[in-house]
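For reference, query18.pdb (PDB, C-alpha atoms, pLDDT in the B column):
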```pdb
ATOM      1  CA  MET D   1     -24.170 -87.353  44.612  1.00 47.00           C
ATOM      2  CA  ARG D   2     -24.930 -87.467  40.889  1.00 48.00           C
ATOM      3  CA  GLY D   3     -21.879 -89.721  40.409  1.00 46.00           C
ATOM      4  CA  LEU D   4     -23.153 -92.186  42.989  1.00 47.00           C
ATOM      5  CA  ILE D   5     -26.509 -92.392  41.249  1.00 49.00           C
ATOM      6  CA  VAL D   6     -24.876 -93.102  37.871  1.00 45.00           C
ATOM      7  CA  VAL D   7     -22.552 -95.703  39.389  1.00 46.00           C
ATOM      8  CA  SER D   8     -25.502 -97.374  41.109  1.00 49.00           C
ATOM      9  CA  CYS D   9     -27.424 -97.494  37.819  1.00 48.00           C
ATOM     10  CA  VAL D  10     -24.438 -98.999  36.024  1.00 44.00           C
ATOM     11  CA  LEU D  11     -24.034-101.655  38.663  1.00 48.00           C
ATOM     12  CA  ALA D  12     -27.736-102.460  38.598  1.00 48.00           C
ATOM     13  CA  LEU D  13     -28.273-102.399  34.845  1.00 46.00           C
ATOM     14  CA  GLY D  14     -24.888-103.026  33.300  1.00 47.00           C
ATOM     15  CA  GLY D  15     -23.982-106.401  34.663  1.00 50.00           C
ATOM     16  CA  CYS D  16     -20.593-107.769  35.560  1.00 52.00           C
ATOM     17  CA  SER D  17     -18.655-106.333  32.618  1.00 56.00           C
ATOM     18  CA  ALA D  18     -19.664-102.712  33.186  1.00 56.00           C
ATOM     19  CA  ALA D  19     -19.220-103.023  36.941  1.00 57.00           C
ATOM     20  CA  GLY D  20     -15.721-104.420  36.397  1.00 60.00           C
ATOM     21  CA  GLN D  21     -14.828-101.580  34.027  1.00 61.00           C
ATOM     22  CA  VAL D  22     -16.029 -99.005  36.570  1.00 56.00           C
ATOM     23  CA  ARG D  23     -14.117-100.759  39.351  1.00 57.00           C
ATOM     24  CA  ASP D  24     -10.936-100.857  37.242  1.00 57.00           C
ATOM     25  CA  GLY D  25     -11.186 -97.204  36.186  1.00 56.00           C
ATOM     26  CA  PHE D  26     -12.445 -95.789  39.481  1.00 57.00           C
ATOM     27  CA  GLY D  27      -8.982 -95.026  40.874  1.00 55.00           C
ATOM     28  CA  ASP D  28      -7.875 -93.038  37.841  1.00 60.00           C
ATOM     29  CA  ALA D  29     -11.172 -91.151  37.690  1.00 51.00           C
ATOM     30  CA  ALA D  30     -11.013 -90.271  41.369  1.00 49.00           C
ATOM     31  CA  MET D  31      -7.389 -89.081  41.039  1.00 56.00           C
ATOM     32  CA  THR D  32      -8.260 -86.468  38.390  1.00 54.00           C
ATOM     33  CA  PRO D  33      -7.903 -83.565  40.887  1.00 54.00           C
ATOM     34  CA  LEU D  34      -4.299 -84.630  41.559  1.00 50.00           C
ATOM     35  CA  THR D  35      -3.615 -84.377  37.839  1.00 52.00           C
ATOM     36  CA  ASP D  36      -5.245 -80.933  37.766  1.00 55.00           C
ATOM     37  CA  LEU D  37      -2.979 -79.811  40.599  1.00 53.00           C
ATOM     38  CA  ASN D  38       0.053 -81.258  38.768  1.00 49.00           C
ATOM     39  CA  VAL D  39       0.800 -83.560  41.699  1.00 52.00           C
ATOM     40  CA  ARG D  40       0.215 -86.704  39.640  1.00 54.00           C
ATOM     41  CA  ARG D  41       2.050 -86.650  36.313  1.00 59.00           C
ATOM     42  CA  GLU D  42       1.703 -89.005  33.385  1.00 72.00           C
ATOM     43  CA  GLN D  43       5.049 -90.481  32.354  1.00 83.00           C
ATOM     44  CA  ILE D  44       5.967 -90.045  28.697  1.00 86.00           C
ATOM     45  CA  PRO D  45       7.492 -93.210  27.192  1.00 91.00           C
ATOM     46  CA  THR D  46      11.104 -92.847  26.041  1.00 93.00           C
ATOM     47  CA  VAL D  47      10.247 -93.782  22.456  1.00 95.00           C
ATOM     48  CA  LEU D  48       7.880 -90.787  22.274  1.00 94.00           C
ATOM     49  CA  LEU D  49      10.490 -88.433  23.723  1.00 94.00           C
ATOM     50  CA  GLN D  50      12.940 -89.662  21.079  1.00 95.00           C
ATOM     51  CA  ALA D  51      10.334 -89.092  18.377  1.00 95.00           C
ATOM     52  CA  GLN D  52       9.711 -85.624  19.726  1.00 93.00           C
ATOM     53  CA  ALA D  53      13.415 -84.799  19.553  1.00 94.00           C
ATOM     54  CA  ASN D  54      13.833 -86.006  15.953  1.00 94.00           C
ATOM     55  CA  PRO D  55      10.845 -87.616  14.199  1.00 94.00           C
ATOM     56  CA  TYR D  56      12.761 -88.035  10.926  1.00 95.00           C
ATOM     57  CA  ASP D  57      15.886 -89.686  12.324  1.00 94.00           C
ATOM     58  CA  ARG D  58      17.101 -92.336   9.854  1.00 93.00           C
ATOM     59  CA  ARG D  59      20.052 -93.727  11.822  1.00 92.00           C
ATOM     60  CA  ASN D  60      20.137 -97.549  11.989  1.00 90.00           C
ATOM     61  CA  LEU D  61      17.080 -97.886   9.759  1.00 92.00           C
ATOM     62  CA  ASN D  62      18.749 -99.696   6.867  1.00 90.00           C
ATOM     63  CA  GLN D  63      16.880-103.010   7.273  1.00 94.00           C
ATOM     64  CA  CYS D  64      13.239-103.984   7.415  1.00 95.00           C
ATOM     65  CA  THR D  65      13.740-105.679  10.774  1.00 95.00           C
ATOM     66  CA  THR D  66      15.033-102.491  12.404  1.00 95.00           C
ATOM     67  CA  ILE D  67      12.215-100.419  10.910  1.00 96.00           C
ATOM     68  CA  GLY D  68       9.673-103.011  12.084  1.00 95.00           C
ATOM     69  CA  ALA D  69      11.172-103.068  15.579  1.00 95.00           C
ATOM     70  CA  GLU D  70      10.927 -99.289  15.839  1.00 96.00           C
ATOM     71  CA  VAL D  71       7.306 -99.375  14.624  1.00 96.00           C
ATOM     72  CA  ALA D  72       6.575-102.058  17.248  1.00 95.00           C
ATOM     73  CA  ARG D  73       8.030 -99.819  20.010  1.00 95.00           C
ATOM     74  CA  LEU D  74       5.792 -96.987  18.876  1.00 95.00           C
ATOM     75  CA  ASP D  75       2.764 -99.308  18.675  1.00 94.00           C
ATOM     76  CA  GLU D  76       3.412-100.336  22.274  1.00 93.00           C
ATOM     77  CA  ALA D  77       3.419 -96.701  23.410  1.00 92.00           C
ATOM     78  CA  LEU D  78       0.610 -95.417  21.174  1.00 91.00           C
ATOM     79  CA  GLY D  79      -1.615 -98.413  20.593  1.00 88.00           C
ATOM     80  CA  PRO D  80      -2.420 -99.835  17.161  1.00 87.00           C
ATOM     81  CA  ASP D  81      -2.100 -97.637  14.090  1.00 88.00           C
ATOM     82  CA  ARG D  82      -5.146 -96.674  12.038  1.00 85.00           C
ATOM     83  CA  ASP D  83      -4.147 -99.016   9.231  1.00 81.00           C
ATOM     84  CA  GLU D  84      -4.344-102.060  11.502  1.00 78.00           C
ATOM     85  CA  PRO D  85      -7.400-104.255  10.986  1.00 69.00           C
ATOM     86  CA  ALA D  86     -10.141-104.069  13.586  1.00 61.00           C
ATOM     87  CA  ALA D  87     -10.294-106.673  16.310  1.00 60.00           C
ATOM     88  CA  PRO D  88     -11.840-109.905  14.999  1.00 62.00           C
ATOM     89  CA  ASP D  89     -14.476-110.081  17.714  1.00 66.00           C
ATOM     90  CA  ASN D  90     -17.234-107.579  16.971  1.00 65.00           C
ATOM     91  CA  PRO D  91     -18.830-106.504  20.246  1.00 64.00           C
ATOM     92  CA  THR D  92     -22.513-107.194  20.606  1.00 65.00           C
ATOM     93  CA  LEU D  93     -25.032-104.439  21.229  1.00 63.00           C
ATOM     94  CA  ASN D  94     -25.162-105.500  24.879  1.00 66.00           C
ATOM     95  CA  GLU D  95     -21.359-105.228  25.220  1.00 64.00           C
ATOM     96  CA  ARG D  96     -21.318-101.808  23.542  1.00 65.00           C
ATOM     97  CA  THR D  97     -24.098-100.668  25.875  1.00 69.00           C
ATOM     98  CA  GLN D  98     -22.173-101.887  28.909  1.00 68.00           C
ATOM     99  CA  ASP D  99     -19.052-100.083  27.689  1.00 67.00           C
ATOM    100  CA  ALA D 100     -21.032 -96.861  27.200  1.00 71.00           C
ATOM    101  CA  LEU D 101     -22.590 -97.177  30.668  1.00 70.00           C
ATOM    102  CA  ALA D 102     -19.209 -97.780  32.258  1.00 69.00           C
ATOM    103  CA  GLU D 103     -17.694 -94.775  30.461  1.00 71.00           C
ATOM    104  CA  ALA D 104     -20.639 -92.587  31.538  1.00 73.00           C
ATOM    105  CA  ALA D 105     -20.155 -93.690  35.131  1.00 68.00           C
ATOM    106  CA  LEU D 106     -16.428 -92.952  35.024  1.00 61.00           C
ATOM    107  CA  ASP D 107     -17.131 -89.532  33.477  1.00 66.00           C
ATOM    108  CA  ALA D 108     -19.566 -88.822  36.314  1.00 68.00           C
ATOM    109  CA  ILE D 109     -16.941 -89.836  38.869  1.00 59.00           C
ATOM    110  CA  ARG D 110     -14.319 -87.615  37.178  1.00 59.00           C
ATOM    111  CA  ASN D 111     -16.753 -84.699  37.117  1.00 60.00           C
ATOM    112  CA  ALA D 112     -17.740 -85.207  40.747  1.00 61.00           C
ATOM    113  CA  ALA D 113     -14.077 -85.383  41.755  1.00 52.00           C
ATOM    114  CA  THR D 114     -13.222 -82.137  39.957  1.00 55.00           C
ATOM    115  CA  ASP D 115     -16.399 -80.184  40.756  1.00 56.00           C
ATOM    116  CA  PHE D 116     -15.024 -79.088  44.105  1.00 55.00           C
ATOM    117  CA  ILE D 117     -12.053 -77.301  42.463  1.00 59.00           C
ATOM    118  CA  PRO D 118     -13.105 -73.695  41.891  1.00 59.00           C
ATOM    119  CA  TYR D 119     -11.752 -72.043  38.754  1.00 62.00           C
ATOM    120  CA  ARG D 120     -10.397 -75.376  37.526  1.00 58.00           C
ATOM    121  CA  SER D 121      -8.942 -73.981  34.287  1.00 63.00           C
ATOM    122  CA  TRP D 122      -7.003 -71.354  36.236  1.00 57.00           C
ATOM    123  CA  VAL D 123      -5.762 -73.959  38.694  1.00 64.00           C
ATOM    124  CA  ARG D 124      -4.571 -76.147  35.812  1.00 59.00           C
ATOM    125  CA  ALA D 125      -2.770 -73.209  34.204  1.00 66.00           C
ATOM    126  CA  LEU D 126      -1.138 -71.974  37.406  1.00 64.00           C
ATOM    127  CA  SER D 127      -0.095 -75.437  38.623  1.00 65.00           C
ATOM    128  CA  GLY D 128       1.547 -76.312  35.310  1.00 63.00           C
ATOM    129  CA  ALA D 129      -0.874 -79.188  34.651  1.00 65.00           C
ATOM    130  CA  GLN D 130      -2.107 -77.550  31.435  1.00 69.00           C
ATOM    131  CA  ALA D 131       1.465 -77.183  30.119  1.00 72.00           C
ATOM    132  CA  ARG D 132       2.236 -80.773  31.094  1.00 71.00           C
ATOM    133  CA  SER D 133      -0.873 -81.985  29.271  1.00 77.00           C
ATOM    134  CA  LYS D 134       0.259 -80.094  26.158  1.00 84.00           C
ATOM    135  CA  THR D 135       3.729 -81.677  26.419  1.00 82.00           C
ATOM    136  CA  VAL D 136       2.189 -85.154  26.582  1.00 84.00           C
ATOM    137  CA  GLN D 137      -0.064 -84.387  23.597  1.00 89.00           C
ATOM    138  CA  ASP D 138       2.939 -83.087  21.611  1.00 91.00           C
ATOM    139  CA  ALA D 139       4.900 -86.265  22.370  1.00 92.00           C
ATOM    140  CA  VAL D 140       1.987 -88.444  21.220  1.00 93.00           C
ATOM    141  CA  GLU D 141       1.672 -86.411  18.014  1.00 94.00           C
ATOM    142  CA  ALA D 142       5.428 -86.741  17.370  1.00 94.00           C
ATOM    143  CA  GLY D 143       5.166 -90.508  17.935  1.00 95.00           C
ATOM    144  CA  ARG D 144       2.355 -90.787  15.397  1.00 95.00           C
ATOM    145  CA  LEU D 145       4.321 -88.708  12.920  1.00 96.00           C
ATOM    146  CA  ARG D 146       7.401 -90.886  13.437  1.00 96.00           C
ATOM    147  CA  ARG D 147       5.397 -94.085  12.954  1.00 96.00           C
ATOM    148  CA  ALA D 148       3.966 -92.774   9.672  1.00 95.00           C
ATOM    149  CA  PHE D 149       7.455 -91.757   8.535  1.00 96.00           C
ATOM    150  CA  LEU D 150       8.852 -95.200   9.395  1.00 96.00           C
ATOM    151  CA  LYS D 151       6.078 -96.969   7.508  1.00 95.00           C
ATOM    152  CA  GLY D 152       6.810 -94.763   4.503  1.00 94.00           C
ATOM    153  CA  LEU D 153      10.482 -95.764   4.725  1.00 95.00           C
ATOM    154  CA  GLY D 154       9.369 -99.385   4.963  1.00 95.00           C
ATOM    155  CA  MET D 155       7.284 -99.076   1.819  1.00 94.00           C
ATOM    156  CA  LYS D 156      10.181 -97.457  -0.025  1.00 93.00           C
ATOM    157  CA  ALA D 157      12.440-100.328   1.085  1.00 93.00           C
ATOM    158  CA  ASN D 158       9.765-102.851   0.021  1.00 94.00           C
ATOM    159  CA  CYS D 159       9.335-104.164   3.583  1.00 95.00           C
ATOM    160  CA  ALA D 160       6.441-106.282   4.761  1.00 93.00           C
ATOM    161  CA  PRO D 161       4.215-105.077   7.610  1.00 92.00           C
ATOM    162  CA  PRO D 162       4.700-104.004  10.388  1.00 92.00           C
ATOM    163  CA  ALA D 163       7.602-102.073   8.809  1.00 93.00           C
ATOM    164  CA  SER D 164       5.053-100.766   6.285  1.00 93.00           C
ATOM    165  CA  PRO D 165       1.276-100.210   6.361  1.00 93.00           C
ATOM    166  CA  ALA D 166      -0.863-103.302   6.944  1.00 90.00           C
ATOM    167  CA  TRP D 167      -2.326-103.138   3.433  1.00 91.00           C
ATOM    168  CA  PHE D 168       1.094-102.981   1.704  1.00 91.00           C
ATOM    169  CA  ARG D 169       2.331-106.112  -0.077  1.00 91.00           C
ATOM    170  CA  PRO D 170       6.025-106.124  -1.019  1.00 91.00           C
ATOM    171  CA  THR D 171       6.900-107.063  -4.562  1.00 88.00           C
ATOM    172  CA  GLY D 172       9.848-109.332  -5.254  1.00 76.00           C
ATOM    173  CA  ARG D 173      12.583-109.405  -2.629  1.00 65.00           C
ATOM    174  CA  SER D 174      12.536-107.063   0.322  1.00 54.00           C
ATOM    175  CA  GLN D 175      15.448-105.769   2.373  1.00 54.00           C
ATOM    176  CA  ARG D 176      15.330-108.083   5.349  1.00 56.00           C
TER     177      ARG D 176
END
```
Structure encoded using structure tokens:
Amino acid sequence: MRGLIVVSCVLALGGCSAAGQVRDGFGDAAMTPLTDLNVRREQIPTVLLQAQANPYDRRNLNQCTTIGAEVARLDEALGPDRDEPAAPDNPTLNERTQDALAEAALDAIRNAATDFIPYRSWVRALSGAQARSKTVQDAVEAGRLRRAFLKGLGMKANCAPPASPAWFRPTGRSQR
């Protein structure tokens, strides 16, 4: 009931943007119990599994283009790195408010969907969902570690971004 009230407020106050965000995220929020029961599993991208197996693998990383391509694969799986510049369009206060309202509504939907599961933490542990969540988190951490390692290799090889951090400027000739 509480979730319906929040969603109604978002739709009434938030405008089209917030309503669209709630509509787009509603399915995932409502499916949270299936994740808790380990029926719905998040797929781990191959590049993250490879990073998890060997984050310091240097095979085939002898050129800036190969390092940059590997960084691009990780960026696709993980999203932009922290060294990347912020998006050029700064959201207005109204847009940030709509985003916050939409996120609050989706949180309310997630909470309402999981409130009916008694002893949720035990259910997650017994179903294997907690272990799966830890595996996904470990793969993401390994991917971030690999990306940082690759950018360090890129700096050492005097490569331009994305094979090195965004702030790095190669001196002289780089290893293309």
Applied to the shown file, which residues does the PyMOL selection byres ((chain D and resi 169) around 12) return, written as a ChimeraX atom specification?
/D:154-168,170-174
When you draw a straight line from atom CA of D:Val140 to atom CA of D:Asn60, how long is it in Å?
22.3 Å
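The space separating atom CA of D:Tyr56 from atom CA of D:Phe149 comes to 6.9 Å.
Computed from the coordinates, the atom CA of D:Arg144 to atom CA of D:Ala100 distance equals 26.9 Å.
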Decode the PyMOL selection byres ((chain D and resi 54) around 12) for the given file into explicit residues and return them as a list of chain:residue names.
D:Val47, D:Leu48, D:Leu49, D:Gln50, D:Ala51, D:Gln52, D:Ala53, D:Pro55, D:Tyr56, D:Asp57, D:Arg58, D:Arg59, D:Ala139, D:Ala142, D:Gly143, D:Leu145, D:Arg146, D:Phe149
